[in-house]
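**Student:** Dropping in model.txt, with compact mmCIF, N, CA and C atoms.
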```
# COMPACT_ATOMS: atom_id res chain seq x y z
N MET A 1 -20.35 10.83 10.96
CA MET A 1 -20.99 9.85 10.10
C MET A 1 -20.28 9.76 8.75
N ALA A 2 -19.94 10.92 8.17
CA ALA A 2 -19.26 10.92 6.87
C ALA A 2 -17.88 10.28 6.97
N GLU A 3 -17.19 10.51 8.10
CA GLU A 3 -15.86 9.92 8.31
C GLU A 3 -15.96 8.39 8.37
N LEU A 4 -17.00 7.87 9.02
CA LEU A 4 -17.21 6.42 9.11
C LEU A 4 -17.46 5.83 7.72
N LYS A 5 -18.27 6.50 6.90
CA LYS A 5 -18.53 6.02 5.54
C LYS A 5 -17.24 6.03 4.72
N LYS A 6 -16.45 7.08 4.87
CA LYS A 6 -15.18 7.18 4.15
C LYS A 6 -14.24 6.06 4.57
N ARG A 7 -14.18 5.78 5.87
CA ARG A 7 -13.32 4.72 6.39
C ARG A 7 -13.78 3.35 5.89
N ASN A 8 -15.11 3.11 5.89
CA ASN A 8 -15.64 1.84 5.40
C ASN A 8 -15.38 1.68 3.91
N SER A 9 -15.50 2.77 3.16
CA SER A 9 -15.23 2.73 1.72
C SER A 9 -13.77 2.38 1.46
N MET A 10 -12.86 2.98 2.23
CA MET A 10 -11.43 2.69 2.08
C MET A 10 -11.15 1.24 2.42
N ALA A 11 -11.77 0.73 3.48
CA ALA A 11 -11.58 -0.67 3.87
C ALA A 11 -12.07 -1.60 2.77
N ASP A 12 -13.22 -1.29 2.18
CA ASP A 12 -13.75 -2.10 1.08
C ASP A 12 -12.81 -2.07 -0.13
N THR A 13 -12.29 -0.87 -0.43
CA THR A 13 -11.36 -0.72 -1.54
C THR A 13 -10.10 -1.55 -1.31
N LEU A 14 -9.55 -1.47 -0.11
CA LEU A 14 -8.34 -2.23 0.21
C LEU A 14 -8.59 -3.74 0.17
N ARG A 15 -9.76 -4.17 0.64
CA ARG A 15 -10.09 -5.61 0.56
C ARG A 15 -10.13 -6.07 -0.89
N GLY A 16 -10.68 -5.22 -1.76
CA GLY A 16 -10.71 -5.55 -3.18
C GLY A 16 -9.31 -5.64 -3.76
N MET A 17 -8.44 -4.71 -3.37
CA MET A 17 -7.05 -4.73 -3.84
C MET A 17 -6.34 -5.99 -3.38
N ALA A 18 -6.65 -6.45 -2.19
CA ALA A 18 -6.01 -7.64 -1.65
C ALA A 18 -6.34 -8.88 -2.48
N GLN A 19 -7.43 -8.83 -3.23
CA GLN A 19 -7.85 -9.96 -4.05
C GLN A 19 -7.20 -9.97 -5.43
N THR A 20 -6.37 -8.99 -5.73
CA THR A 20 -5.72 -8.91 -7.03
C THR A 20 -4.92 -10.18 -7.31
N ASP A 21 -5.15 -10.75 -8.48
CA ASP A 21 -4.42 -11.96 -8.88
C ASP A 21 -3.19 -11.54 -9.68
N PRO A 22 -2.00 -11.80 -9.17
CA PRO A 22 -0.78 -11.35 -9.87
C PRO A 22 -0.58 -12.03 -11.22
N ARG A 23 -1.26 -13.14 -11.44
CA ARG A 23 -1.11 -13.85 -12.73
C ARG A 23 -1.94 -13.21 -13.83
N THR A 24 -3.00 -12.48 -13.45
CA THR A 24 -3.89 -11.92 -14.47
C THR A 24 -4.00 -10.40 -14.41
N VAL A 25 -3.31 -9.77 -13.46
CA VAL A 25 -3.41 -8.32 -13.32
C VAL A 25 -2.83 -7.62 -14.55
N ASP A 26 -3.44 -6.51 -14.91
CA ASP A 26 -2.93 -5.69 -16.01
C ASP A 26 -1.70 -4.94 -15.49
N ARG A 27 -0.53 -5.33 -15.96
CA ARG A 27 0.73 -4.75 -15.49
C ARG A 27 0.78 -3.24 -15.68
N GLU A 28 0.04 -2.73 -16.65
CA GLU A 28 0.01 -1.29 -16.90
C GLU A 28 -0.65 -0.52 -15.75
N THR A 29 -1.43 -1.20 -14.92
CA THR A 29 -2.10 -0.53 -13.80
C THR A 29 -1.23 -0.52 -12.54
N LEU A 30 -0.10 -1.22 -12.57
CA LEU A 30 0.75 -1.33 -11.39
C LEU A 30 1.84 -0.27 -11.37
N VAL A 31 2.25 0.11 -10.17
CA VAL A 31 3.30 1.11 -9.96
C VAL A 31 4.57 0.39 -9.55
N ASP A 32 5.70 0.83 -10.07
CA ASP A 32 6.98 0.25 -9.65
C ASP A 32 7.38 0.87 -8.32
N ILE A 33 7.68 0.04 -7.35
CA ILE A 33 8.01 0.48 -6.00
C ILE A 33 9.21 1.43 -6.01
N ARG A 34 10.08 1.32 -7.01
CA ARG A 34 11.26 2.20 -7.08
C ARG A 34 10.87 3.65 -7.36
N ASP A 35 9.66 3.86 -7.87
CA ASP A 35 9.18 5.21 -8.17
C ASP A 35 8.48 5.87 -6.98
N VAL A 36 8.29 5.11 -5.91
CA VAL A 36 7.62 5.63 -4.72
C VAL A 36 8.64 6.35 -3.85
N LYS A 37 8.31 7.55 -3.46
CA LYS A 37 9.19 8.35 -2.60
C LYS A 37 8.58 8.42 -1.20
N ILE A 38 9.39 8.11 -0.20
CA ILE A 38 8.95 8.20 1.18
C ILE A 38 9.26 9.60 1.70
N HIS A 39 8.23 10.30 2.11
CA HIS A 39 8.37 11.67 2.59
C HIS A 39 8.48 11.66 4.11
N THR A 40 9.71 11.68 4.59
CA THR A 40 9.98 11.52 6.02
C THR A 40 9.51 12.71 6.86
N GLU A 41 9.21 13.82 6.22
CA GLU A 41 8.75 14.98 6.97
C GLU A 41 7.29 14.84 7.40
N LEU A 42 6.58 13.87 6.85
CA LEU A 42 5.17 13.66 7.19
C LEU A 42 5.05 12.83 8.46
N SER A 43 3.90 12.94 9.12
CA SER A 43 3.62 12.09 10.28
C SER A 43 3.48 10.65 9.79
N ASP A 44 3.52 9.70 10.72
CA ASP A 44 3.40 8.30 10.34
C ASP A 44 2.12 8.05 9.54
N ARG A 45 1.00 8.57 10.02
CA ARG A 45 -0.28 8.36 9.33
C ARG A 45 -0.27 9.01 7.94
N GLU A 46 0.21 10.25 7.85
CA GLU A 46 0.27 10.93 6.56
C GLU A 46 1.22 10.21 5.61
N ARG A 47 2.31 9.70 6.14
CA ARG A 47 3.29 8.96 5.33
C ARG A 47 2.66 7.70 4.76
N MET A 48 1.89 7.00 5.60
CA MET A 48 1.23 5.78 5.14
C MET A 48 0.21 6.10 4.05
N LEU A 49 -0.59 7.13 4.26
CA LEU A 49 -1.59 7.52 3.26
C LEU A 49 -0.92 7.96 1.96
N ASP A 50 0.18 8.70 2.07
CA ASP A 50 0.93 9.12 0.89
C ASP A 50 1.50 7.91 0.15
N PHE A 51 2.01 6.95 0.91
CA PHE A 51 2.54 5.72 0.30
C PHE A 51 1.45 5.00 -0.49
N ILE A 52 0.28 4.83 0.12
CA ILE A 52 -0.82 4.15 -0.56
C ILE A 52 -1.25 4.92 -1.79
N GLN A 53 -1.30 6.25 -1.68
CA GLN A 53 -1.68 7.07 -2.83
C GLN A 53 -0.69 6.88 -3.98
N GLN A 54 0.59 6.81 -3.67
CA GLN A 54 1.61 6.64 -4.71
C GLN A 54 1.61 5.23 -5.30
N ILE A 55 1.55 4.22 -4.45
CA ILE A 55 1.68 2.83 -4.91
C ILE A 55 0.39 2.32 -5.55
N LYS A 56 -0.72 2.98 -5.27
CA LYS A 56 -2.06 2.65 -5.79
C LYS A 56 -2.61 1.38 -5.17
N ASN A 57 -1.85 0.29 -5.17
CA ASN A 57 -2.30 -0.97 -4.59
C ASN A 57 -1.16 -1.52 -3.73
N PRO A 58 -1.28 -1.41 -2.40
CA PRO A 58 -0.19 -1.89 -1.54
C PRO A 58 -0.04 -3.40 -1.53
N TYR A 59 -1.00 -4.10 -2.12
CA TYR A 59 -0.94 -5.56 -2.16
C TYR A 59 -0.28 -6.10 -3.42
N CYS A 60 -0.25 -5.31 -4.46
CA CYS A 60 0.28 -5.80 -5.74
C CYS A 60 0.92 -4.62 -6.47
N TYR A 61 2.20 -4.75 -6.78
CA TYR A 61 2.94 -3.68 -7.43
C TYR A 61 4.11 -4.29 -8.20
N LEU A 62 4.86 -3.46 -8.88
CA LEU A 62 6.04 -3.93 -9.61
C LEU A 62 7.30 -3.62 -8.81
N ASP A 63 8.27 -4.48 -8.93
CA ASP A 63 9.60 -4.22 -8.37
C ASP A 63 10.60 -4.61 -9.44
N ASN A 64 11.17 -3.59 -10.08
CA ASN A 64 12.10 -3.82 -11.18
C ASN A 64 11.46 -4.66 -12.29
N GLY A 65 10.20 -4.36 -12.58
CA GLY A 65 9.49 -5.03 -13.65
C GLY A 65 8.84 -6.35 -13.27
N VAL A 66 9.03 -6.81 -12.05
CA VAL A 66 8.46 -8.07 -11.59
C VAL A 66 7.20 -7.78 -10.77
N VAL A 67 6.12 -8.49 -11.06
CA VAL A 67 4.89 -8.33 -10.29
C VAL A 67 5.10 -8.94 -8.91
N VAL A 68 4.82 -8.15 -7.89
CA VAL A 68 4.96 -8.60 -6.50
C VAL A 68 3.57 -8.58 -5.87
N LYS A 69 3.21 -9.66 -5.22
CA LYS A 69 1.94 -9.76 -4.50
C LYS A 69 2.27 -10.03 -3.04
N ILE A 70 1.75 -9.20 -2.15
CA ILE A 70 2.02 -9.41 -0.73
C ILE A 70 0.71 -9.61 0.01
N SER A 71 0.82 -10.22 1.16
CA SER A 71 -0.34 -10.38 2.03
C SER A 71 0.12 -10.15 3.46
N PHE A 72 -0.81 -9.89 4.31
CA PHE A 72 -0.52 -9.62 5.71
C PHE A 72 -1.12 -10.73 6.55
N GLU A 73 -0.32 -11.28 7.43
CA GLU A 73 -0.76 -12.40 8.24
C GLU A 73 -0.37 -12.15 9.69
N GLY A 74 -1.06 -12.77 10.57
CA GLY A 74 -0.72 -12.65 11.98
C GLY A 74 -1.53 -11.58 12.66
N THR A 75 -0.97 -11.04 13.74
CA THR A 75 -1.71 -10.09 14.56
C THR A 75 -1.47 -8.64 14.15
N ARG A 76 -0.50 -8.38 13.30
CA ARG A 76 -0.20 -7.02 12.86
C ARG A 76 -1.23 -6.60 11.82
N SER A 77 -1.79 -5.40 12.00
CA SER A 77 -2.75 -4.88 11.02
C SER A 77 -2.02 -4.44 9.76
N MET A 78 -2.77 -4.23 8.68
CA MET A 78 -2.16 -3.74 7.46
C MET A 78 -1.51 -2.39 7.71
N GLU A 79 -2.17 -1.53 8.48
CA GLU A 79 -1.62 -0.21 8.78
C GLU A 79 -0.27 -0.35 9.49
N GLU A 80 -0.18 -1.25 10.46
CA GLU A 80 1.08 -1.47 11.17
C GLU A 80 2.14 -2.04 10.24
N SER A 81 1.73 -2.94 9.36
CA SER A 81 2.67 -3.55 8.42
C SER A 81 3.23 -2.54 7.44
N ILE A 82 2.37 -1.68 6.91
CA ILE A 82 2.82 -0.66 5.96
C ILE A 82 3.72 0.34 6.68
N SER A 83 3.34 0.74 7.89
CA SER A 83 4.19 1.67 8.65
C SER A 83 5.57 1.07 8.89
N HIS A 84 5.60 -0.21 9.25
CA HIS A 84 6.88 -0.89 9.47
C HIS A 84 7.70 -0.92 8.17
N TYR A 85 7.03 -1.25 7.07
CA TYR A 85 7.70 -1.31 5.77
C TYR A 85 8.30 0.05 5.40
N ILE A 86 7.52 1.11 5.60
CA ILE A 86 7.98 2.45 5.25
C ILE A 86 9.19 2.83 6.10
N ARG A 87 9.14 2.49 7.39
CA ARG A 87 10.28 2.80 8.26
C ARG A 87 11.53 2.08 7.81
N THR A 88 11.41 0.85 7.31
CA THR A 88 12.59 0.11 6.85
C THR A 88 13.12 0.68 5.54
N MET A 89 12.25 1.28 4.72
CA MET A 89 12.69 1.88 3.45
C MET A 89 13.43 3.18 3.66
N GLU A 90 13.22 3.83 4.79
CA GLU A 90 13.83 5.13 5.05
C GLU A 90 15.32 5.05 5.25
N GLY A 91 15.78 3.89 5.76
CA GLY A 91 17.19 3.74 6.11
C GLY A 91 18.09 3.82 4.95
```
Please re-express this file's structure in structure tokens.
**Tutor:**
Amino acid sequence: MAELKKRNSMADTLRGMAQTDPRTVDRETLVDIRDVKIHTELSDRERMLDFIQQIKNPYCYLDNGVVVKISFEGTRSMEESISHYIRTMEG
């Protein structure tokens, strides 16, 4: 039961992050993607959670000082999209 509440809370938090407006977001709250380290020794799930913990908001972040807003579309889940993104960053 506690795990389900935790999962629902995380889903609600992520939905809220997805609504971030890049035009009005406080840039001081954003993390620069260049500061995120991918820990390849972790499992895929742990790597994804670590990525989210580091980036704070996977939907809105800085890249070389530029605010970047991303969204996920299609049949791929956010988890699959982030895992794919992390795998491409490892190369």
**Student:** How many Å lie between CA of Glu41 (chain A) and atom N of Arg76 (chain A), rounded to one decimal?
**Tutor:**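 Spanning CA of Glu41 (chain A) to atom N of Arg76 (chain A) is a straight-line distance of 25.9 Å.
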**Student:** Of the residues A:Ala18, A:Ile55, A:Ile70, A:Met78, which is the one nearest to Leu30 (chain A), using all atoms listed in the file?
**Tutor:**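 The answer is A:Ile55, which sits nearest to Leu30 (chain A).
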**Student:** Select, from A:Phe72, A:Arg15, A:Asp21, A:Val36, the residue with the minimum atom-to-atom distance to Met48 (chain A), counting only C-alpha atoms.
**Tutor:**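 Going through A:Phe72, A:Arg15, A:Asp21, A:Val36 one by one, the smallest distance to Met48 (chain A) is for A:Val36.
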**Student:** One number please: atom N of Thr40 (chain A) to atom N of Lys56 (chain A), in Å, one decimal.
**Tutor:**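 Separating atom N of Thr40 (chain A) from atom N of Lys56 (chain A) is a distance of 16.8 Å.
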**Student:** May I have all residues of chain A that DSSP, computed from the backbone, assigns to strand (DSSP E or B), given as a PyMOL selection string?
**Tutor:** chain A and resi 32+60-63+66-69
**Student:** Grab the atom N of Thr88 (chain A) to atom N of Thr13 (chain A) distance for me, in Å with one decimal place.
**Tutor:** 25.0 Å
**Student:** Kindly indicate which residue among A:Arg45, A:His39, A:Arg87, A:Arg27 lies nearest to Val67 (chain A), using all atoms listed in the file for the distances.
**Tutor:**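 Residue with the minimum atom-to-atom distance to Val67 (chain A): A:Arg27.
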**Student:** Using only C-alpha atoms, which protein or nucleic acid residues come within 12 Å of Tyr85 (chain A)? Drop anything in the same chain fewer than 3 positions from it, and give the result as a list of chain:residue names.
**Tutor:**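 Within the cut-off, the hits are A:Ile33, A:Ile38, A:Asp44, A:Arg47, A:Met48, A:Phe51, A:Ile52, A:Pro58, A:Ile70, A:Phe72, A:Met78, A:Glu79, A:Glu80, A:Ser81, A:Ile82, A:Thr88, A:Met89, A:Glu90, A:Gly91.
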**Student:** Pick out the closest residue to Leu14 (chain A) from this set: A:Asn64, A:Ser43, A:Ser83, A:Asn57. Count only C-alpha atoms.
**Tutor:**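 The answer is A:Asn57, which sits nearest to Leu14 (chain A).
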**Student:** Taking the DSSP secondary structure from the backbone, can you list the residues of chain A that are helix (DSSP H, G or I), as an MDAnalysis selection string?
**Tutor:** chainID A and resid 2:18 27:29 33:35 44:55 78:90
**Student:** From the list A:Lys37, A:Arg23, A:Asp50, A:Val31, which residue is nearest Gly65 (chain A) when using all atoms listed in the file?
**Tutor:**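 Among A:Lys37, A:Arg23, A:Asp50, A:Val31, it is A:Val31 that comes nearest to Gly65 (chain A).
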**Student:** Using all atoms listed in the file, which of A:Val25, A:Gln19, A:Asp32, A:Thr75 sits nearest Leu62 (chain A)?
**Tutor:**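 Checking each candidate against Leu62 (chain A), we get A:Asp32 as the closest.
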